[in-house]
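Trainee: My questions will all concern the structure given below.
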Amino acid sequence: MDGWVPVEKPQPQPGPGQALVRLRAVSLNYRDLIIAKGSYPGIKTPLIPVSDGAGEVVAVGPGVTRVKPGDRVAPTFFQVWTEGERTPEKVAHALGGGIPGVLAEYVCLDAEGLALLPDWLSFEEGATLPCAAVTAWNALVPQGGLKPGQTVLAQGTGGVSIFALQFARILGARVILTSSSDEKLQRGKQLGADGLVNYKKSPDWAAEVLALTGGQGVDHVLEVGGAATLPTSVRATKEGGHIALIGLLTGAPGKPDNAATGSKHLRVVSTYVGSRAMFEDMLRAMTPQKTKPVIDRVFPFSEAREALRYMESGGHFGKIVISV
């Protein structure tokens, strides 16, 4: 956390194909915490941190027609992945990692790497979307092919899992939510979770999930725990089901074990955020019900380090936002 040091720099000027964005809010992801601790591989510092933000365009560089001054926007996590399949080239430009991030008052961004925010979302709400929400959407829809009536297992109550709960409900699916906190599970129930599992009280939570699904298992798992939770997720998934490998909260990312997954014919896919096209499809799906992101707490810009410490504590439900 002490690696985050405020710095004064001249206001940047947009070059060809770029837009200058005045940031109004940013939101934190677990990745920001690991980078701040220096334990995320391949990141060169010093670096402007954080990938997720929202603000308004104040100027555009030569050749820019996609956005104009006054537009309310959120940058995409991968600035050059506009559509199509993921490629190494498209994911080399991740904000707050491969390239400078958005925890700043003004940032120059690729005009093609901006999504227009609908007017019913505040800047704070819009700032929660680029990484966690697009990851959950990609896992469930483009990769998962989620259908109404299917069942989704969302692990924990961080950003990705709560967005997965909300999107699954929009799309007519059932959701089983896990947490170590009964209080958080009850909040999940208020958002529409159909089944609740406290994995602290029931360490064999796969058995609980199987009981909640009549012994069948779930169709989709958002695997945010990593290597330590993946074997239990495999047991909780029905034959022919889908596991999206997303996180590494337990210390290491999960790797498919063919011996365990092959006999059940599971589809185990790594999910790495998504494209601008996915972001825009997600916003269209959120619009009919005006689905609002769940924000746990908003910190002022001067307390950015406190916001990161709060994320480390694990006490949050939904997203942590910093107002710029």
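Residue names in the structure tokens use chain letters A, B, ... in the order shown, residue numbers from 1 in each chain, and ligand numbers from 1 in the order shown.
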As JSON, numbers by chain, please: the residues near A:Gly17 (cut-off 8 Å, only C-alpha atoms, same-chain neighbours under 3 positions excluded).
Mentor: {"A": [14, 60, 61, 62, 63, 64, 110, 111, 112]}
Trainee: Can you spit out the residues from that selection as a PDB file, in the first residue's frame, using N, CA and C atoms?
Mentor:
ATOM      1  N   PRO A  14      -3.647  14.770 -25.760  1.00  0.00           N
ATOM      2  CA  PRO A  14      -3.964  13.601 -26.599  1.00  0.00           C
ATOM      3  C   PRO A  14      -3.238  13.637 -27.939  1.00  0.00           C
ATOM      4  N   VAL A  60      -9.910  15.659 -27.789  1.00  0.00           N
ATOM      5  CA  VAL A  60      -9.540  14.505 -28.608  1.00  0.00           C
ATOM      6  C   VAL A  60      -8.376  14.892 -29.518  1.00  0.00           C
ATOM      7  N   GLY A  61      -7.577  13.876 -29.858  1.00  0.00           N
ATOM      8  CA  GLY A  61      -6.453  14.091 -30.753  1.00  0.00           C
ATOM      9  C   GLY A  61      -6.863  13.991 -32.208  1.00  0.00           C
ATOM     10  N   PRO A  62      -5.910  14.211 -33.121  1.00  0.00           N
ATOM     11  CA  PRO A  62      -6.204  14.142 -34.561  1.00  0.00           C
ATOM     12  C   PRO A  62      -6.792  12.784 -34.951  1.00  0.00           C
ATOM     13  N   GLY A  63      -7.804  12.833 -35.835  1.00  0.00           N
ATOM     14  CA  GLY A  63      -8.375  11.617 -36.402  1.00  0.00           C
ATOM     15  C   GLY A  63      -9.426  10.927 -35.555  1.00  0.00           C
ATOM     16  N   VAL A  64      -9.791  11.506 -34.417  1.00  0.00           N
ATOM     17  CA  VAL A  64     -10.744  10.834 -33.524  1.00  0.00           C
ATOM     18  C   VAL A  64     -12.170  11.271 -33.847  1.00  0.00           C
ATOM     19  N   ASP A 110      -6.713   5.420 -25.575  1.00  0.00           N
ATOM     20  CA  ASP A 110      -7.035   5.094 -26.963  1.00  0.00           C
ATOM     21  C   ASP A 110      -8.534   5.327 -27.171  1.00  0.00           C
ATOM     22  N   ALA A 111      -8.897   6.137 -28.147  1.00  0.00           N
ATOM     23  CA  ALA A 111     -10.317   6.441 -28.379  1.00  0.00           C
ATOM     24  C   ALA A 111     -11.105   5.177 -28.709  1.00  0.00           C
ATOM     25  N   GLU A 112     -10.448   4.184 -29.331  1.00  0.00           N
ATOM     26  CA  GLU A 112     -11.125   2.914 -29.635  1.00  0.00           C
ATOM     27  C   GLU A 112     -11.317   2.082 -28.361  1.00  0.00           C
TER      28      GLU A 112
END
Trainee: If DSSP is run on the backbone, what residues of stretch 201-235 of chain A are strand (DSSP E)? A reply as a ChimeraX atom specification would be ideal.
Mentor: /A:218-223
Trainee: Could you write out the selected residues, including C-alpha atoms, as a tab-separated table (two decimals), in the first residue's frame?
Mentor:
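So again.tsv came out as:
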chain	number	residue	atom	x	y	z
A	218	VAL	CA	-24.32	-26.60	-11.41
A	219	ASP	CA	-24.04	-25.72	-15.11
A	220	HIS	CA	-21.51	-22.92	-14.62
A	221	VAL	CA	-18.88	-22.06	-11.99
A	222	LEU	CA	-17.09	-18.73	-11.71
A	223	GLU	CA	-13.85	-20.03	-10.19
Trainee: Given the choices A:Met311, A:Ala92, A:Ile170, A:Leu191, which gets closest to A:Gly149 if the distance is worked out from only C-alpha atoms?
Mentor: A:Ile170
Trainee: Set the distance at 7 Å and use only C-alpha atoms: which residues neighbour A:Arg174 once local chain neighbours fewer than 4 positions away are removed? I'd like the list as a list in words.
Mentor: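 Near A:Arg174, the qualifying residues are Gly149, Gln150, Thr151, Val152, Ala168, Arg169 and Asp194 of chain A.
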Trainee: If DSSP is run on the backbone, what residues of stretch 44-262 of chain A are helix (DSSP H, G or I)? A reply as a ChimeraX atom specification would be ideal.
Mentor: /A:90-92,111-113,123-126,129-140,159-170,182-190,205-212,230-236,258-262
Trainee: Please save C-alpha atoms of the selected residues as a CSV table (one decimal), in the first residue's frame.
Mentor:
chain,number,residue,atom,x,y,z
A,90,LYS,CA,-4.7,-7.6,-27.8
A,91,VAL,CA,-4.1,-8.5,-24.1
A,92,ALA,CA,-0.6,-6.9,-24.0
A,111,ALA,CA,-10.3,6.4,-28.4
A,112,GLU,CA,-11.1,2.9,-29.6
A,113,GLY,CA,-10.7,1.7,-26.1
A,123,PHE,CA,-19.4,7.9,-12.7
A,124,GLU,CA,-18.9,5.8,-9.5
A,125,GLU,CA,-21.1,3.0,-10.9
A,126,GLY,CA,-19.5,3.2,-14.3
A,129,LEU,CA,-17.5,-2.1,-14.8
A,130,PRO,CA,-14.4,-2.5,-17.0
A,131,CYS,CA,-12.7,-5.5,-15.3
A,132,ALA,CA,-15.0,-7.3,-12.9
A,133,ALA,CA,-18.3,-6.8,-14.7
A,134,VAL,CA,-16.9,-7.6,-18.2
A,135,THR,CA,-15.1,-10.7,-16.7
A,136,ALA,CA,-18.4,-12.0,-15.3
A,137,TRP,CA,-20.3,-11.2,-18.5
A,138,ASN,CA,-17.6,-12.9,-20.7
A,139,ALA,CA,-17.6,-16.0,-18.4
A,140,LEU,CA,-21.4,-16.4,-18.5
A,159,GLY,CA,-17.0,-7.7,-7.6
A,160,VAL,CA,-16.9,-10.5,-10.2
A,161,SER,CA,-19.2,-12.8,-8.2
A,162,ILE,CA,-21.8,-10.1,-7.4
A,163,PHE,CA,-21.9,-9.1,-11.1
A,164,ALA,CA,-22.3,-12.7,-12.0
A,165,LEU,CA,-25.2,-13.0,-9.6
A,166,GLN,CA,-26.8,-9.9,-11.2
A,167,PHE,CA,-26.3,-10.9,-14.8
A,168,ALA,CA,-27.4,-14.5,-14.2
A,169,ARG,CA,-30.7,-13.1,-12.7
A,170,ILE,CA,-31.2,-10.8,-15.7
A,182,ASP,CA,-23.9,-15.4,6.8
A,183,GLU,CA,-24.5,-11.6,6.8
A,184,LYS,CA,-23.0,-11.4,3.2
A,185,LEU,CA,-25.0,-14.4,2.1
A,186,GLN,CA,-28.2,-12.7,3.3
A,187,ARG,CA,-27.3,-9.6,1.2
A,188,GLY,CA,-26.8,-11.9,-1.7
A,189,LYS,CA,-30.2,-13.4,-1.1
A,190,GLN,CA,-31.7,-9.9,-1.3
A,205,TRP,CA,-19.2,-27.1,0.1
A,206,ALA,CA,-19.5,-29.2,-3.0
A,207,ALA,CA,-21.8,-31.5,-1.1
A,208,GLU,CA,-24.0,-28.5,-0.2
A,209,VAL,CA,-24.1,-27.4,-3.8
A,210,LEU,CA,-25.0,-30.9,-5.0
A,211,ALA,CA,-27.8,-31.1,-2.3
A,212,LEU,CA,-29.2,-27.7,-3.6
A,230,LEU,CA,-10.8,-25.8,-8.2
A,231,PRO,CA,-11.0,-29.5,-7.2
A,232,THR,CA,-14.1,-28.7,-5.1
A,233,SER,CA,-15.6,-26.7,-8.0
A,234,VAL,CA,-15.1,-29.7,-10.3
A,235,ARG,CA,-17.1,-31.9,-7.9
A,236,ALA,CA,-19.9,-29.2,-7.7
A,258,ASN,CA,-7.6,-33.6,-16.9
A,259,ALA,CA,-7.9,-36.7,-14.7
A,260,ALA,CA,-10.6,-34.9,-12.7
A,261,THR,CA,-12.4,-33.0,-15.4
A,262,GLY,CA,-12.1,-35.4,-18.3
Trainee: Can you tell me, as a count of residues only, what residues are no more than 7 Å from A:Glu83 when counting only C-alpha atoms, ignoring any on the same chain fewer than 2 positions away?
Mentor: 5
Trainee: Give one line per residue of stretch 78-124 of chain A that approaches stretch 37-56 of chain A to at most 7 Å, naming the two atoms of the closest pair and their distance in Å to one decimal, counting only C-alpha atoms; sort by chain then ascending residue number and deliver it as CSV.
Mentor:
residue,atom,partner,partner_atom,distance
A:Leu95,CA,A:Ser51,CA,4.6
A:Gly96,CA,A:Pro49,CA,4.5
A:Gly97,CA,A:Ile43,CA,5.8
A:Gly98,CA,A:Ile43,CA,6.7
A:Pro100,CA,A:Ile48,CA,4.9
A:Gly101,CA,A:Pro49,CA,4.8
A:Val102,CA,A:Val50,CA,5.6
A:Leu103,CA,A:Val50,CA,5.8
A:Phe123,CA,A:Ala54,CA,5.5
Trainee: Suppose you want the space between atom CA of A:Lys264 and atom CA of A:Gly215; what is it in Å?
Mentor: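 Taking atom CA of A:Lys264 and atom CA of A:Gly215, their separation equals 14.1 Å.
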Trainee: When you draw a straight line from atom CA of A:Ile35 to atom CA of A:Glu280, how long is it in Å?
Mentor: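 Answer for the atom CA of A:Ile35 to atom CA of A:Glu280 separation: 27.6 Å.
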Trainee: Kindly give the distance, in Å, that separates atom CA of A:Phe299 and atom CA of A:Ile320, rounded to a single decimal.
Mentor: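 If I compute the distance from atom CA of A:Phe299 to atom CA of A:Ile320, I get 7.9 Å.
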Trainee: Which residue gives the smallest distance to A:Leu308 among A:Arg22, A:Val268, A:Leu28, A:Lys9, with only C-alpha atoms counted?
Mentor: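 Counting only C-alpha atoms, the residue closest to A:Leu308 is A:Leu28.
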